Amino acid sequence: MSMIGQVFVKGGKYKLKGNFHHLTPNMPIRNADDGWKLMGVTNPRDMTYIHMYGGEAPFFEALGEGKLLGTRCDNPDCEYKGTVYQPFRIHCADCLGKNTVIDMTETAKKKAIIHTFMVCERSGAFNLLDKPIKFINIEFEGVDTILMSYLSVGEPEIGKKVVPIFRTKNPTYTILDLSWVLEGTPKEELPEGFSF
Amino acid sequence: MIKFSKQQLKIPKLMRPVYLVTAGQSKFGRAIPEKRTEELCIDALTQASELIGMSPAELKSYIHSCYYGHFADHFGDQLLGEAVIHDRLGLDPLGNIGVKTGGATGGSTLWEAVKAVASGYSDCVLAMGWERMDEVPTDEGNFLISCAADKDWESPLGHIYTGYYAVMAQRYWQIFGKAEDSFRRTLAEIAVKHHGYARMNPYAQSPMKITVDDVINSPVVAYPLRALDCCLMSVGAACAIICDEKTAEEMTKDSPHKPLRIWVAAGSHTLRPADRRDMEIPLLPNENADQYKDLGKRFPGGDRYPGFTGFLGARMAAWYGYRMAGVKDPLEDLDLVELHDAFTISDVQTYEDIGIRPYGEGRDYVESGDCYHTNPKTGKPGKLPSNISGGLIGCMHAVGATGIMQTFEVATHIWNRWAEIHGDDKRWKEFGRKKPKDWTDLQVKGAKRGMAISHAGVGSHVTSTILMDPDHLL
């Protein structure tokens with residue numbers, strides 16, 4: 001069995017191990033209404049991208065450690081100094097200065113409400129979440145932006161208080177490591193691998 | 001950005017008048033397995049030449065540079081597709097460039113084409129847009145479309161774009177629709193109208209005679225949006241020929257229609273709605289600040305602008321476009337519009353962004369009957385008919401072609417050629433489609449001015465294309 005493609009960085013270079021693509025032959029596409037004449041071919045392809053988080057890497061690492069990081073513009077010369085960003089934003093949208101990384105886990109636990117939501121019955125290919133997916137957008141006190149995520153326990157409603165949960169066991173290092181539950185949800189109801 | 005500088009609010013200016021001379025389009029369908037993309041582009045260019053009484057070769061002889069709109073390379077697995085089309089159209093070695101701005105690609109392609117003529121670089125240019133979305137299964141297509149959301153923060157959440165609109169629909173419904181069932185029915189009425197108009201359009205992919213209840217009972221994609229609230233996934237091409245005045249006059253000397261003045265303006269906003277910060281509403285010429293002072297009181301929660309309920313990109317496209325073209329009030333100055341109805345909710349949001357109704361009151365445009373060709377309440381012509389083509393819900397959303405299809409549709413009304421182009425029995429037959437027995441002429445009588453809104457993502461790029469009969473400028 002082939003090894004799933006893996007990457008690490010050493011000396012500023014990507015080091016690759018395993019298989020990054022799998023070969024599958026083309027197949028003809030024929031016209032069943034016209035004597036099975038040739039119309040085209042399938043082009044199967046299975047590739048693995050190498051994607052870098054750059055300055056956002058601390059955010060995705062922190063999720064697996066049970067922390068929600070945001071950023072804040074502390075540039076004294078910026079007209080909008082003090083703007084707090086969640087989603088985590090590396091540079092201030094106004095002055096383009098480098099933002100300060102802040103830990104906003106406690107704010108999220110105490111002062112997060114549902115701004116809007118939707119319940120998704122269908123998904124695109126490669127979706128990893130169970131359906132229906134309850135998407136929520138979360139409004140935090142003192143934060144200028146509104147985070148998109150998903151609710152794992154409870155029924156969404158605009159204005160309801162929610163608390164974050166983190167996939168601390170076997171994290172995926174993606175945004176899927178962060179989820180939310182309604183305030184008051186007991187820890188026994190959290191999905192496998194997640195904790196407060 | 002939440003505040004504008006004086007320089008940023010400069011009214012865009014074209015260095016000389018620019019004209020739409022002719023346009024054309026292919027058949028649109030969910031799948032067109034019998035034709036390659038370049039065949040569809042040739043169909044569109046051939047129609048454009050025929051409409052002004054020229055052969056394709058004669059028309060091509062005027063073209064000096066080319067602007068190609070094609071959004072999703074990954075659907076067709078072909079980079080530099082523009083070079084393939086350019087070669088197959090026989091336009092080498094003229095200069096050409098590809099334009100990609102998601103759902104707004106068609107509008108952005110026209111934006112570039114108009115600027116090329118206005119600057120004097122070219123006297124006649126081709127703007128051609130296409131998309132081929134039938135070369136992957138539908139769920140993979142939804143995945144590929146979701147790549148137009150932020151890939152780290154949004155796309156992994158379901159990999160379905162409808163979801164990113166559904167959160168806006170939910171918020172809008174609860175704040176401005178006051179969670180009323182009647183608002184949900186108004187949204188459904190938009191889908192009924194657009195699928196219904198598509199029945200009169202031989203190019204359209206999804207003609208349907210349906211009811212409001214059919215829409216409300218269609219399968220949920222992302223609650224509150226259902227299957228019939230959503231736009232189509234399409235294959236097809238559309239093109240436009242853009243010229244300066246002298247060339248436009250020469251090219252239309254034997255044509256049944258005259259060239260139309262054209263202006264295109266553009267706006268933008270963050271790819272992630274999550275990043276949208278509060279700001280003051282930029283006012284259109286038909287608005288004043290006082291009318292929004294009590295917005296939060298009338299609609300609790302509605303004072304956060306643009307939040308999840310407005311499209312700042314569309315507002316700015318109209319802000320610049322109206323001032324460029326002299327539009328003071330779209331409801332009074334325009335005769336028809338084609339809007340980017342990616343979903344029924346975004347149609348309503350756009351009515352407000354472009355000033356057809358004030359923020360919070362978009363539903364009234366539908367409920368009043370103003371948006372219909374013939375107002376169902378009065379039996380008289382609608383005040384400002386919208387999406388007579390069937391729009392993205394009923395006609396097509398072949399992404400790179402969409403904004404050009406919309407512009408062509410508006411032009412056919414101003415040229416008074418809608419019935420000729422849409423009613424021709426030969427065309428219905430050629431496309432393998434059955435002309436309905438109750439086919440109706442939807443020509444907007446006396447149309448002199450119109451606008452098309454082309455829109456990407458959840459409002460990341462938006463263009464406004466304004467067309468006017470040159471003898472009826474504002």
# chains A, B, ... in the order shown; residues from 1 in each chain; ligands from 1
$ interface_residues --of "chain A" --to "chain B" --cutoff "8 Å" --atoms "only C-alpha atoms" --output "tab-separated table (two decimals) with all heavy atoms, in the first residue's frame"
chain	number	residue	atom	x	y	z
A	39	MET	N	-17.17	10.42	-27.93
A	39	MET	CA	-17.41	11.86	-27.71
A	39	MET	C	-16.31	12.51	-26.88
A	39	MET	O	-16.11	13.71	-26.93
A	39	MET	CB	-18.76	12.09	-27.03
A	39	MET	CG	-19.94	11.71	-27.90
A	39	MET	SD	-21.50	12.26	-27.18
A	39	MET	CE	-21.54	13.98	-27.65
A	85	TYR	N	-9.15	41.82	15.29
A	85	TYR	CA	-9.57	40.99	14.15
A	85	TYR	C	-9.76	39.52	14.54
A	85	TYR	O	-8.88	38.90	15.12
A	85	TYR	CB	-8.51	41.05	13.04
A	85	TYR	CG	-8.35	42.41	12.41
A	85	TYR	CD1	-7.30	43.24	12.78
A	85	TYR	CD2	-9.25	42.86	11.44
A	85	TYR	CE1	-7.14	44.49	12.20
A	85	TYR	CE2	-9.09	44.11	10.86
A	85	TYR	CZ	-8.04	44.91	11.23
A	85	TYR	OH	-7.88	46.14	10.65
A	86	GLN	N	-10.91	39.00	14.22
A	86	GLN	CA	-11.17	37.56	14.29
A	86	GLN	C	-12.13	37.25	13.17
A	86	GLN	O	-13.29	37.63	13.27
A	86	GLN	CB	-11.79	37.18	15.64
A	86	GLN	CG	-12.02	35.69	15.81
A	86	GLN	CD	-10.74	34.89	15.70
A	86	GLN	OE1	-10.39	34.42	14.62
A	86	GLN	NE2	-10.03	34.75	16.80
A	87	PRO	N	-11.78	36.71	12.04
A	87	PRO	CA	-10.58	35.92	11.79
A	87	PRO	C	-9.27	36.69	12.01
A	87	PRO	O	-9.17	37.87	11.70
A	87	PRO	CB	-10.71	35.53	10.33
A	87	PRO	CG	-12.09	35.87	9.90
A	87	PRO	CD	-12.62	36.84	10.86
A	93	ALA	N	-5.76	46.03	8.21
A	93	ALA	CA	-6.35	46.35	6.91
A	93	ALA	C	-6.16	47.82	6.56
A	93	ALA	O	-6.24	48.19	5.39
A	93	ALA	CB	-7.83	46.01	6.92
A	94	ASP	N	-5.90	48.67	7.54
A	94	ASP	CA	-5.78	50.10	7.28
A	94	ASP	C	-4.34	50.56	7.09
A	94	ASP	O	-4.00	51.12	6.06
A	94	ASP	CB	-6.45	50.88	8.41
A	94	ASP	CG	-7.93	50.55	8.48
A	94	ASP	OD1	-8.60	50.74	7.45
A	94	ASP	OD2	-8.39	50.07	9.51
A	115	HIS	N	-24.39	35.54	15.39
A	115	HIS	CA	-24.81	36.70	14.59
A	115	HIS	C	-25.82	36.27	13.53
A	115	HIS	O	-26.82	36.91	13.29
A	115	HIS	CB	-23.58	37.33	13.93
A	115	HIS	CG	-23.88	38.54	13.11
A	115	HIS	ND1	-24.20	39.76	13.66
A	115	HIS	CD2	-23.93	38.71	11.76
A	115	HIS	CE1	-24.42	40.63	12.68
A	115	HIS	NE2	-24.27	40.02	11.53
A	116	THR	N	-25.52	35.15	12.87
A	116	THR	CA	-26.47	34.55	11.93
A	116	THR	C	-26.06	33.08	11.74
A	116	THR	O	-25.03	32.64	12.27
A	116	THR	CB	-26.54	35.31	10.59
A	116	THR	OG1	-27.59	34.77	9.78
A	116	THR	CG2	-25.22	35.25	9.83
A	117	PHE	N	-26.86	32.34	11.03
A	117	PHE	CA	-26.59	30.91	10.91
A	117	PHE	C	-27.30	30.34	9.68
A	117	PHE	O	-28.13	31.01	9.07
A	117	PHE	CB	-27.09	30.14	12.15
A	117	PHE	CG	-28.59	30.12	12.27
A	117	PHE	CD1	-29.32	29.04	11.77
A	117	PHE	CD2	-29.28	31.16	12.86
A	117	PHE	CE1	-30.71	29.02	11.86
A	117	PHE	CE2	-30.66	31.15	12.95
A	117	PHE	CZ	-31.38	30.08	12.45
A	118	MET	N	-26.99	29.12	9.36
A	118	MET	CA	-27.76	28.37	8.36
A	118	MET	C	-27.52	26.87	8.58
A	118	MET	O	-26.54	26.49	9.22
A	118	MET	CB	-27.39	28.79	6.94
A	118	MET	CG	-26.02	28.48	6.51
A	118	MET	SD	-25.96	26.95	5.62
A	118	MET	CE	-24.20	26.84	5.31
A	119	VAL	N	-28.43	26.08	8.09
A	119	VAL	CA	-28.32	24.63	8.25
A	119	VAL	C	-28.17	24.03	6.86
A	119	VAL	O	-29.03	24.18	6.00
A	119	VAL	CB	-29.57	24.06	8.96
A	119	VAL	CG1	-29.41	22.56	9.16
A	119	VAL	CG2	-29.77	24.76	10.30
A	120	CYS	N	-27.04	23.37	6.64
A	120	CYS	CA	-26.67	22.92	5.31
A	120	CYS	C	-26.99	21.43	5.13
A	120	CYS	O	-26.44	20.59	5.84
A	120	CYS	CB	-25.18	23.17	5.13
A	120	CYS	SG	-24.63	22.96	3.45
A	121	GLU	N	-27.86	21.13	4.19
A	121	GLU	CA	-28.27	19.74	3.95
A	121	GLU	C	-27.40	19.08	2.88
A	121	GLU	O	-27.37	17.86	2.77
A	121	GLU	CB	-29.73	19.69	3.47
A	121	GLU	CG	-30.72	20.35	4.43
A	121	GLU	CD	-31.13	19.43	5.57
A	121	GLU	OE1	-30.76	18.25	5.54
A	121	GLU	OE2	-31.78	19.92	6.50
A	122	ARG	N	-26.80	19.89	2.01
A	122	ARG	CA	-25.97	19.34	0.93
A	122	ARG	C	-24.56	19.89	1.08
A	122	ARG	O	-24.36	20.93	1.71
A	122	ARG	CB	-26.52	19.76	-0.43
A	122	ARG	CG	-27.89	19.21	-0.74
A	122	ARG	CD	-28.25	19.51	-2.18
A	122	ARG	NE	-29.65	19.23	-2.44
A	122	ARG	CZ	-30.22	19.37	-3.62
A	122	ARG	NH1	-29.53	19.80	-4.65
A	122	ARG	NH2	-31.51	19.10	-3.79
A	123	SER	N	-23.64	19.22	0.45
A	123	SER	CA	-22.27	19.74	0.50
A	123	SER	C	-21.60	19.45	-0.82
A	123	SER	O	-22.10	18.67	-1.63
A	123	SER	CB	-21.50	19.08	1.64
A	123	SER	OG	-21.31	17.72	1.32
A	124	GLY	N	-20.45	20.08	-1.01
A	124	GLY	CA	-19.65	19.77	-2.18
A	124	GLY	C	-18.81	18.52	-1.91
A	124	GLY	O	-18.80	18.00	-0.78
A	125	ALA	N	-18.13	18.05	-2.94
A	125	ALA	CA	-17.24	16.90	-2.76
A	125	ALA	C	-16.14	17.26	-1.75
A	125	ALA	O	-15.82	18.44	-1.57
A	125	ALA	CB	-16.61	16.56	-4.11
A	126	PHE	N	-15.60	16.27	-1.11
A	126	PHE	CA	-14.50	16.40	-0.15
A	126	PHE	C	-14.90	17.04	1.18
A	126	PHE	O	-14.05	17.36	2.00
A	126	PHE	CB	-13.30	17.18	-0.75
A	126	PHE	CG	-12.89	16.70	-2.11
A	126	PHE	CD1	-13.04	17.49	-3.24
A	126	PHE	CD2	-12.38	15.42	-2.27
A	126	PHE	CE1	-12.69	17.02	-4.50
A	126	PHE	CE2	-12.02	14.94	-3.52
A	126	PHE	CZ	-12.18	15.74	-4.64
A	127	ASN	N	-16.22	17.22	1.41
A	127	ASN	CA	-16.67	17.73	2.70
A	127	ASN	C	-16.38	16.68	3.78
A	127	ASN	O	-16.63	15.49	3.60
A	127	ASN	CB	-18.17	18.01	2.64
A	127	ASN	CG	-18.75	18.24	4.01
A	127	ASN	OD1	-18.26	19.08	4.76
A	127	ASN	ND2	-19.77	17.48	4.36
A	128	LEU	N	-15.88	17.14	4.94
A	128	LEU	CA	-15.54	16.21	6.02
A	128	LEU	C	-16.50	16.30	7.21
A	128	LEU	O	-16.35	15.54	8.17
A	128	LEU	CB	-14.11	16.51	6.52
A	128	LEU	CG	-13.00	16.27	5.49
A	128	LEU	CD1	-11.67	16.82	5.99
A	128	LEU	CD2	-12.86	14.78	5.18
A	129	LEU	N	-17.45	17.22	7.17
A	129	LEU	CA	-18.37	17.40	8.30
A	129	LEU	C	-19.64	16.58	8.10
A	129	LEU	O	-20.10	16.39	6.97
A	129	LEU	CB	-18.73	18.88	8.45
A	129	LEU	CG	-17.56	19.83	8.78
A	129	LEU	CD1	-18.03	21.28	8.73
A	129	LEU	CD2	-16.99	19.50	10.16
A	133	ILE	N	-25.04	20.32	8.40
A	133	ILE	CA	-24.01	21.13	9.06
A	133	ILE	C	-24.66	22.44	9.51
A	133	ILE	O	-25.32	23.10	8.72
A	133	ILE	CB	-22.86	21.47	8.09
A	133	ILE	CG1	-22.38	20.21	7.36
A	133	ILE	CG2	-21.70	22.13	8.83
A	133	ILE	CD1	-21.52	20.51	6.14
A	135	PHE	N	-23.96	25.89	10.30
A	135	PHE	CA	-22.97	26.97	10.24
A	135	PHE	C	-23.42	28.13	11.10
A	135	PHE	O	-24.59	28.50	11.07
A	135	PHE	CB	-22.81	27.47	8.81
A	135	PHE	CG	-22.12	26.50	7.93
A	135	PHE	CD1	-22.80	25.89	6.89
A	135	PHE	CD2	-20.80	26.17	8.14
A	135	PHE	CE1	-22.18	24.97	6.08
A	135	PHE	CE2	-20.16	25.26	7.33
A	135	PHE	CZ	-20.86	24.65	6.30
A	136	ILE	N	-22.51	28.70	11.84
A	136	ILE	CA	-22.84	29.91	12.60
A	136	ILE	C	-21.77	30.96	12.35
A	136	ILE	O	-20.61	30.65	12.09
A	136	ILE	CB	-22.96	29.62	14.12
A	136	ILE	CG1	-21.68	28.98	14.68
A	136	ILE	CG2	-24.17	28.75	14.42
A	136	ILE	CD1	-21.66	28.87	16.19
A	137	ASN	N	-22.20	32.21	12.41
A	137	ASN	CA	-21.26	33.33	12.37
A	137	ASN	C	-21.28	33.94	13.76
A	137	ASN	O	-22.34	34.20	14.31
A	137	ASN	CB	-21.68	34.34	11.31
A	137	ASN	CG	-21.53	33.75	9.94
A	137	ASN	OD1	-22.39	32.99	9.50
A	137	ASN	ND2	-20.45	34.04	9.26
A	144	ASP	N	-14.03	43.57	15.93
A	144	ASP	CA	-14.63	44.33	14.82
A	144	ASP	C	-15.16	43.47	13.70
A	144	ASP	O	-15.80	43.97	12.78
A	144	ASP	CB	-13.58	45.31	14.27
A	144	ASP	CG	-13.23	46.36	15.30
A	144	ASP	OD1	-12.49	46.02	16.25
A	144	ASP	OD2	-13.72	47.49	15.19
A	145	THR	N	-14.85	42.19	13.71
A	145	THR	CA	-15.25	41.31	12.61
A	145	THR	C	-16.04	40.12	13.16
A	145	THR	O	-16.15	39.96	14.38
A	145	THR	CB	-14.01	40.85	11.84
A	145	THR	OG1	-13.06	40.36	12.78
A	145	THR	CG2	-13.39	42.00	11.06
A	146	ILE	N	-16.55	39.28	12.28
A	146	ILE	CA	-17.48	38.22	12.68
A	146	ILE	C	-17.00	36.89	12.11
A	146	ILE	O	-16.95	36.69	10.89
A	146	ILE	CB	-18.90	38.55	12.15
A	146	ILE	CG1	-19.40	39.84	12.82
A	146	ILE	CG2	-19.86	37.41	12.42
A	146	ILE	CD1	-20.69	40.35	12.25
A	147	LEU	N	-16.68	35.96	12.98
A	147	LEU	CA	-16.06	34.69	12.56
A	147	LEU	C	-17.09	33.68	12.05
A	147	LEU	O	-18.17	33.54	12.61
A	147	LEU	CB	-15.33	34.08	13.77
A	147	LEU	CG	-14.63	32.74	13.53
A	147	LEU	CD1	-13.42	32.92	12.64
A	147	LEU	CD2	-14.22	32.11	14.86
A	148	MET	N	-16.73	32.96	10.99
A	148	MET	CA	-17.58	31.87	10.51
A	148	MET	C	-17.07	30.54	11.05
A	148	MET	O	-15.87	30.27	11.01
A	148	MET	CB	-17.58	31.82	8.99
A	148	MET	CG	-18.53	30.78	8.43
A	148	MET	SD	-18.72	30.99	6.66
A	148	MET	CE	-20.02	29.82	6.32
A	149	SER	N	-17.99	29.70	11.57
A	149	SER	CA	-17.59	28.39	12.08
A	149	SER	C	-18.82	27.47	12.07
A	149	SER	O	-19.74	27.72	11.29
A	149	SER	CB	-17.02	28.55	13.50
A	149	SER	OG	-16.43	27.33	13.93
A	150	TYR	N	-18.82	26.42	12.90
A	150	TYR	CA	-19.97	25.52	12.90
A	150	TYR	C	-20.31	25.09	14.32
A	150	TYR	O	-19.45	25.02	15.20
A	150	TYR	CB	-19.72	24.30	12.00
A	150	TYR	CG	-18.59	23.39	12.41
A	150	TYR	CD1	-18.85	22.16	13.01
A	150	TYR	CD2	-17.26	23.75	12.20
A	150	TYR	CE1	-17.82	21.30	13.37
A	150	TYR	CE2	-16.23	22.90	12.55
A	150	TYR	CZ	-16.51	21.69	13.14
A	150	TYR	OH	-15.48	20.85	13.51
A	174	THR	N	-6.63	22.42	10.80
A	174	THR	CA	-7.45	23.24	9.90
A	174	THR	C	-8.50	23.94	10.74
A	174	THR	O	-8.64	23.66	11.94
A	174	THR	CB	-8.16	22.39	8.83
A	174	THR	OG1	-9.20	21.64	9.48
A	174	THR	CG2	-7.21	21.45	8.11
A	175	ILE	N	-9.30	24.77	10.07
A	175	ILE	CA	-10.37	25.51	10.76
A	175	ILE	C	-11.40	24.56	11.37
A	175	ILE	O	-12.17	24.93	12.26
A	175	ILE	CB	-11.02	26.54	9.78
A	175	ILE	CG1	-11.83	27.59	10.53
A	175	ILE	CG2	-11.89	25.84	8.75
A	175	ILE	CD1	-11.02	28.54	11.38
A	176	LEU	N	-11.41	23.30	10.91
A	176	LEU	CA	-12.36	22.33	11.45
A	176	LEU	C	-12.00	21.93	12.89
A	176	LEU	O	-12.81	21.28	13.57
A	176	LEU	CB	-12.41	21.07	10.57
A	176	LEU	CG	-12.80	21.31	9.12
A	176	LEU	CD1	-12.86	19.98	8.36
A	176	LEU	CD2	-14.14	22.03	9.01
$ select_by_dssp --residues "region 32-122 of chain A" --states "alpha helix (DSSP H)" --output "PyMOL selection string"
chain A and resi 57-63+105-110
$ closest_residue --among "B:Asp92, B:Asp150, B:Glu82, B:Asp229" --to "Ala127 (chain B)" --atoms "only C-alpha atoms"
B:Glu82
$ residues_around --residues "Thr440 (chain B)" --least-positions-apart "5" --cutoff "10 Å" --atoms "only C-alpha atoms" --output "PDB file with C-alpha atoms, in the first residue's frame"
ATOM      1  CA  TYR B 197     -39.322  34.351 -18.093  1.00  0.00           C
ATOM      2  CA  ARG B 199     -39.687  29.857 -20.810  1.00  0.00           C
ATOM      3  CA  MET B 200     -39.750  32.631 -23.451  1.00  0.00           C
ATOM      4  CA  ASN B 201     -35.984  32.509 -24.009  1.00  0.00           C
ATOM      5  CA  ALA B 419     -38.923  39.409 -30.150  1.00  0.00           C
ATOM      6  CA  HIS B 422     -36.022  35.306 -28.811  1.00  0.00           C
ATOM      7  CA  GLY B 423     -39.047  34.367 -30.873  1.00  0.00           C
TER       8      GLY B 423
END
$ residues_around --residues "Met128 (chain B)" --least-positions-apart "4" --cutoff "10 Å" --atoms "only C-alpha atoms" --output "ChimeraX atom specification"
/B:23-25,41,44-45,66-70,82,85-86,98,106,109-110,113,237-241,400-401,404
$ residues_around --residues "region 367-375 of chain B" --least-positions-apart "6" --cutoff "7 Å" --atoms "only C-alpha atoms" --output "PyMOL selection string"
chain B and resi 186+381-386+442+444
$ write_last_selection --atoms "N, CA and C atoms" --output "mmCIF file, in the first residue's frame"
data_model
loop_
_atom_site.group_PDB
_atom_site.id
_atom_site.type_symbol
_atom_site.label_atom_id
_atom_site.label_comp_id
_atom_site.auth_asym_id
_atom_site.auth_seq_id
_atom_site.Cartn_x
_atom_site.Cartn_y
_atom_site.Cartn_z
ATOM 1 N N THR B 186 -42.117 35.915 -0.792
ATOM 2 C CA THR B 186 -41.645 36.924 -1.755
ATOM 3 C C THR B 186 -40.356 36.442 -2.425
ATOM 4 N N PRO B 381 -47.529 47.872 -17.727
ATOM 5 C CA PRO B 381 -46.090 47.575 -17.748
ATOM 6 C C PRO B 381 -45.449 47.804 -16.379
ATOM 7 N N GLY B 382 -44.528 46.917 -15.999
ATOM 8 C CA GLY B 382 -43.795 47.098 -14.742
ATOM 9 C C GLY B 382 -42.970 48.368 -14.812
ATOM 10 N N LYS B 383 -42.768 49.007 -13.674
ATOM 11 C CA LYS B 383 -42.053 50.291 -13.653
ATOM 12 C C LYS B 383 -40.582 50.115 -14.066
ATOM 13 N N LEU B 384 -39.934 49.060 -13.581
ATOM 14 C CA LEU B 384 -38.531 48.791 -13.948
ATOM 15 C C LEU B 384 -38.341 47.272 -13.998
ATOM 16 N N PRO B 385 -38.711 46.656 -15.127
ATOM 17 C CA PRO B 385 -38.623 45.187 -15.205
ATOM 18 C C PRO B 385 -37.201 44.677 -14.974
ATOM 19 N N SER B 386 -37.099 43.547 -14.272
ATOM 20 C CA SER B 386 -35.771 42.976 -14.015
ATOM 21 C C SER B 386 -35.700 41.534 -14.497
ATOM 22 N N LEU B 442 -41.722 39.612 -24.722
ATOM 23 C CA LEU B 442 -41.391 40.347 -23.493
ATOM 24 C C LEU B 442 -40.599 41.632 -23.771
ATOM 25 N N VAL B 444 -39.525 45.155 -23.731
ATOM 26 C CA VAL B 444 -39.908 46.314 -22.907
ATOM 27 C C VAL B 444 -40.120 47.474 -23.880
#
$ atom_distance --atom1 "CA of Arg363 (chain B)" --atom2 "CA of Ala342 (chain B)"
16.4 Å
$ residues_around --residues "Val153 (chain A)" --least-positions-apart "4" --cutoff "12 Å" --atoms "only C-alpha atoms" --output "PyMOL selection string"
chain A and resi 132-136+162-165+179-191+194
